[in-house]
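As stored in start_24.txt (compact mmCIF, C-alpha atoms and all ligand atoms):
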# COMPACT_ATOMS: atom_id res chain seq x y z
CA MET A 18 -9.15 -21.85 8.51
CA THR A 19 -12.69 -21.30 9.46
CA GLY A 20 -11.59 -20.53 12.97
CA THR A 21 -9.24 -17.65 11.98
CA THR A 22 -11.51 -15.73 9.62
CA PRO A 23 -14.03 -14.79 12.22
CA ARG A 24 -11.21 -13.68 14.54
CA ARG A 25 -9.77 -11.43 11.79
CA GLN A 26 -13.17 -10.00 11.13
CA VAL A 27 -13.66 -9.37 14.80
CA LEU A 28 -10.25 -7.69 15.05
CA MET A 29 -10.92 -5.57 11.97
CA LEU A 30 -14.36 -4.66 13.17
CA GLY A 31 -12.81 -3.80 16.48
CA ALA A 32 -10.30 -1.52 14.78
CA VAL A 33 -13.01 0.13 12.69
CA GLY A 34 -15.09 0.49 15.78
CA ALA A 35 -12.20 2.10 17.62
CA VAL A 36 -11.64 4.54 14.74
CA GLY A 37 -15.33 5.33 14.80
CA VAL A 38 -15.19 6.01 18.52
CA VAL A 39 -12.10 8.22 18.10
CA SER A 40 -13.83 10.10 15.30
CA ALA A 41 -16.91 10.56 17.36
CA VAL A 42 -14.90 11.71 20.36
CA SER A 43 -12.71 14.04 18.35
CA GLY A 44 -15.81 15.39 16.63
CA CYS A 45 -17.28 16.12 20.03
CA ALA A 46 -14.00 17.63 21.18
CA VAL A 47 -14.06 20.12 18.29
CA TYR A 48 -17.57 21.34 18.90
CA GLY A 49 -18.37 20.50 22.46
CA ALA A 50 -15.41 20.33 24.78
CA GLY A 51 -13.16 23.19 23.68
CA ASP A 52 -13.53 26.91 24.14
CA GLU A 53 -14.71 27.31 20.59
CA GLN A 54 -18.40 27.66 20.06
CA PRO A 55 -20.26 26.95 16.86
CA PRO A 56 -20.89 30.18 14.96
CA ALA A 57 -24.00 31.99 16.11
CA ALA A 58 -26.75 32.36 13.60
CA ASP A 59 -27.27 35.87 12.30
CA PRO A 60 -30.57 37.46 13.32
CA PRO A 61 -33.11 37.49 10.52
CA GLU A 62 -32.73 40.47 8.22
CA GLY A 63 -34.72 43.49 9.32
CA GLU A 64 -34.84 42.55 12.98
CA ALA A 65 -33.22 44.56 15.72
CA GLY A 66 -30.36 43.28 17.82
CA ALA A 67 -30.66 40.98 20.80
CA GLY A 68 -32.98 42.33 23.44
CA ASP A 69 -34.55 44.90 21.13
CA SER A 70 -38.03 44.63 19.76
CA VAL A 71 -39.49 46.90 17.09
CA VAL A 72 -42.88 48.03 18.33
CA ALA A 73 -43.95 50.87 16.06
CA GLY A 74 -43.00 53.19 13.25
CA THR A 75 -42.15 56.79 14.03
CA GLY A 76 -44.96 57.93 11.74
CA GLU A 77 -47.51 56.22 13.97
CA VAL A 78 -46.80 58.52 16.92
CA GLU A 79 -48.09 62.09 16.66
CA VAL A 80 -45.90 64.98 17.79
CA GLY A 81 -47.38 66.06 21.12
CA GLY A 82 -49.27 62.79 21.37
CA GLY A 83 -48.73 59.10 21.73
CA LEU A 84 -49.57 55.57 20.71
CA ILE A 85 -50.96 53.00 23.12
CA LEU A 86 -49.81 49.46 22.38
CA ALA A 87 -52.27 47.59 24.58
CA ASP A 88 -51.01 44.14 23.61
CA ARG A 89 -47.51 45.08 24.80
CA GLN A 90 -48.77 47.21 27.68
CA ILE A 91 -46.66 50.19 26.66
CA VAL A 92 -47.27 53.75 25.47
CA ILE A 93 -44.92 55.49 23.07
CA THR A 94 -45.05 59.29 23.15
CA GLN A 95 -43.40 62.06 21.16
CA PRO A 96 -43.52 65.23 23.30
CA THR A 97 -41.50 67.15 20.71
CA GLU A 98 -40.57 66.22 17.19
CA GLY A 99 -38.04 63.40 17.11
CA ASP A 100 -38.09 62.85 20.90
CA PHE A 101 -39.69 59.45 21.53
CA ARG A 102 -40.36 58.12 25.01
CA GLY A 103 -41.86 54.95 26.39
CA PHE A 104 -43.97 54.24 29.46
CA SER A 105 -45.91 51.39 30.93
CA ALA A 106 -49.54 51.45 29.80
CA VAL A 107 -50.64 50.02 33.13
CA CYS A 108 -52.21 52.71 35.29
CA THR A 109 -50.55 53.01 38.66
CA HIS A 110 -53.88 53.46 40.41
CA GLN A 111 -55.57 50.09 40.05
CA GLY A 112 -53.99 48.59 36.97
CA CYS A 113 -56.32 49.50 34.11
CA THR A 114 -54.69 49.87 30.72
CA VAL A 115 -54.55 53.57 29.85
CA SER A 116 -57.13 54.49 27.25
CA ALA A 117 -56.09 57.64 25.38
CA VAL A 118 -53.30 60.12 24.73
CA ARG A 119 -54.48 63.71 24.24
CA ASP A 120 -53.67 67.26 25.23
CA GLY A 121 -50.23 66.27 26.49
CA THR A 122 -51.40 63.51 28.81
CA ILE A 123 -51.81 59.77 28.89
CA ASP A 124 -55.27 59.16 30.27
CA CYS A 125 -56.86 56.33 32.16
CA ALA A 126 -60.64 56.14 31.79
CA CYS A 127 -61.19 53.95 34.83
CA HIS A 128 -60.93 56.66 37.51
CA GLY A 129 -59.60 59.71 35.70
CA SER A 130 -55.82 59.52 36.14
CA ARG A 131 -53.78 61.56 33.69
CA PHE A 132 -50.02 61.25 33.21
CA SER A 133 -47.53 63.51 31.44
CA ILE A 134 -46.39 62.37 27.99
CA GLU A 135 -42.97 63.85 28.83
CA ASP A 136 -42.06 61.92 31.96
CA GLY A 137 -45.06 59.85 33.03
CA SER A 138 -45.64 62.00 36.11
CA VAL A 139 -49.13 62.30 37.54
CA VAL A 140 -50.88 65.38 36.15
CA GLN A 141 -54.25 64.44 37.57
CA ALA A 142 -54.64 61.68 40.14
CA ALA A 143 -57.44 59.17 40.26
CA SER A 144 -60.58 60.40 41.93
CA GLY A 145 -60.04 60.72 45.66
CA LEU A 146 -56.23 60.85 45.44
CA THR A 147 -53.65 63.60 45.15
CA PRO A 148 -50.90 63.56 42.51
CA GLU A 149 -48.34 63.14 45.30
CA SER A 150 -50.04 59.97 46.53
CA GLN A 151 -50.03 58.21 43.17
CA ASP A 152 -47.00 56.79 41.39
CA PRO A 153 -45.99 57.98 37.92
CA LEU A 154 -46.09 55.62 34.96
CA PRO A 155 -42.84 53.65 34.91
CA GLU A 156 -40.55 54.55 32.02
CA VAL A 157 -39.83 51.96 29.31
CA ALA A 158 -36.54 52.41 27.45
CA VAL A 159 -37.00 52.93 23.72
CA SER A 160 -34.66 53.65 20.86
CA VAL A 161 -35.20 54.87 17.33
CA GLU A 162 -33.34 53.58 14.31
CA GLY A 163 -34.45 55.00 10.99
CA ASP A 164 -38.22 55.06 11.17
CA GLN A 165 -38.53 52.19 13.64
CA ILE A 166 -39.09 52.47 17.37
CA SER A 167 -37.78 49.61 19.49
CA VAL A 168 -38.15 48.73 23.12
CA THR A 169 -34.69 48.07 24.50
CA GLY A 170 -33.61 45.80 27.31
S1 LIG B 1 -56.98 52.39 37.36
FE1 LIG B 1 -56.46 54.16 36.23
S2 LIG B 1 -57.44 55.75 37.31
FE2 LIG B 1 -57.95 54.00 38.45
So, in terms of structure tokens, how does the structure I just supplied come out?
Amino acid sequence: MTGTTPRRQVLMLGAVGAVGVVSAVSGCAVYGAGDEQPPAADPPEGEAGAGDSVVAGTGEVEVGGGLILADRQIVITQPTEGDFRGFSAVCTHQGCTVSAVRDGTIDCACHGSRFSIEDGSVVQAASGLTPESQDPLPEVAVSVEGDQISVTG
């Protein structure tokens, strides 16, 4: 008698173990091996969609002026009311961060470059250069939703 009980227990444990393995495998098959993916988590409320990043409020950017976001290295301008544009804040001369937006230009204090708030083109080149020999500020894609300005892409 004592010799059969352990064998039964072993067989039963083996069966339980096999069920456990099947469960584990089928569990993996449901979530890991099929085409189905676990549901994606919703983005936190108030955040923009994937790839977008809210950087400023529309009220922070003057009409005819701009806002330098030095930590993000971008400038947001509003040449005319409701028309928001984005540019790199890195001067194309020698890489200083632009320092001011006034009188329709984005200015770099390092060597005097001035760029258009409308298209980033060179209005005044750095000392010793011509506007044709200096690159414009690269454009940064922005979008406006409600009163929030986001950088897209
Ligand atoms: S780095 Fe901006 S003008 Fe020279």
Box dimensions and centre (Å, one decimal) enclosing range 131-148 of chain A, axis-aligned, 4 Å extra per side, as AutoDock Vina command-line options:
--center_x -51.3 --center_y 62.3 --center_z 36.8 --size_x 26.5 --size_y 14.2 --size_z 25.7
* Produce as an MDAnalysis selection string the set of residues near ligand LIG 1 (chain B), where near means within 7 Å with all atoms listed in the file considered. => chainID A and resid 108:113 115 125:130 143
* To do: Write out as a ChimeraX atom specification the residues lying within 10 Å of range 145-162 of chain A, counting all atoms listed in the file and excluding same-chain residues fewer than 3 positions away.
  => /A:65,69-75,91-93,99-110,123,128,130-134,136-142,165-170
I need the residues from that last selection saved to file as a JSON list (two decimals), in the frame of the given file (with C-alpha atoms), if you can.
[["chain", "number", "residue", "atom", "x", "y", "z"],
["A", 65, "ALA", "CA", -33.22, 44.56, 15.72],
["A", 69, "ASP", "CA", -34.55, 44.90, 21.13],
["A", 70, "SER", "CA", -38.03, 44.63, 19.76],
["A", 71, "VAL", "CA", -39.49, 46.90, 17.09],
["A", 72, "VAL", "CA", -42.88, 48.03, 18.33],
["A", 73, "ALA", "CA", -43.95, 50.87, 16.06],
["A", 74, "GLY", "CA", -43.00, 53.19, 13.25],
["A", 75, "THR", "CA", -42.15, 56.79, 14.03],
["A", 91, "ILE", "CA", -46.66, 50.19, 26.66],
["A", 92, "VAL", "CA", -47.27, 53.75, 25.47],
["A", 93, "ILE", "CA", -44.92, 55.49, 23.07],
["A", 99, "GLY", "CA", -38.04, 63.40, 17.11],
["A", 100, "ASP", "CA", -38.09, 62.85, 20.90],
["A", 101, "PHE", "CA", -39.69, 59.45, 21.53],
["A", 102, "ARG", "CA", -40.36, 58.12, 25.01],
["A", 103, "GLY", "CA", -41.86, 54.95, 26.39],
["A", 104, "PHE", "CA", -43.97, 54.24, 29.46],
["A", 105, "SER", "CA", -45.91, 51.39, 30.93],
["A", 106, "ALA", "CA", -49.54, 51.45, 29.80],
["A", 107, "VAL", "CA", -50.64, 50.02, 33.13],
["A", 108, "CYS", "CA", -52.21, 52.71, 35.29],
["A", 109, "THR", "CA", -50.55, 53.01, 38.66],
["A", 110, "HIS", "CA", -53.88, 53.46, 40.41],
["A", 123, "ILE", "CA", -51.81, 59.77, 28.89],
["A", 128, "HIS", "CA", -60.93, 56.66, 37.51],
["A", 130, "SER", "CA", -55.82, 59.52, 36.14],
["A", 131, "ARG", "CA", -53.78, 61.56, 33.69],
["A", 132, "PHE", "CA", -50.02, 61.25, 33.21],
["A", 133, "SER", "CA", -47.53, 63.51, 31.44],
["A", 134, "ILE", "CA", -46.39, 62.37, 27.99],
["A", 136, "ASP", "CA", -42.06, 61.92, 31.96],
["A", 137, "GLY", "CA", -45.06, 59.85, 33.03],
["A", 138, "SER", "CA", -45.64, 62.00, 36.11],
["A", 139, "VAL", "CA", -49.13, 62.30, 37.54],
["A", 140, "VAL", "CA", -50.88, 65.38, 36.15],
["A", 141, "GLN", "CA", -54.25, 64.44, 37.57],
["A", 142, "ALA", "CA", -54.64, 61.68, 40.14],
["A", 165, "GLN", "CA", -38.53, 52.19, 13.64],
["A", 166, "ILE", "CA", -39.09, 52.47, 17.37],
["A", 167, "SER", "CA", -37.78, 49.61, 19.49],
["A", 168, "VAL", "CA", -38.15, 48.73, 23.12],
["A", 169, "THR", "CA", -34.69, 48.07, 24.50],
["A", 170, "GLY", "CA", -33.61, 45.80, 27.31]]
* **Counting all atoms listed in the file, the residue of A:Glu77, A:Glu135, A:Asp164, A:Asp124 that sits nearest Thr97 in chain A** => A:Glu135
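If you measure from each of A:Ser144, A:Thr114, A:Thr122, A:Gly163 to Gly82 in chain A using all atoms listed in the file, the closest one turns out to be A:Thr122.
Here CA of Gly76 in chain A and CA of Gln90 in chain A stand 19.6 Å from one another.
Note that the spacing between CA of Ile85 in chain A and CA of Glu98 in chain A amounts to 17.8 Å.
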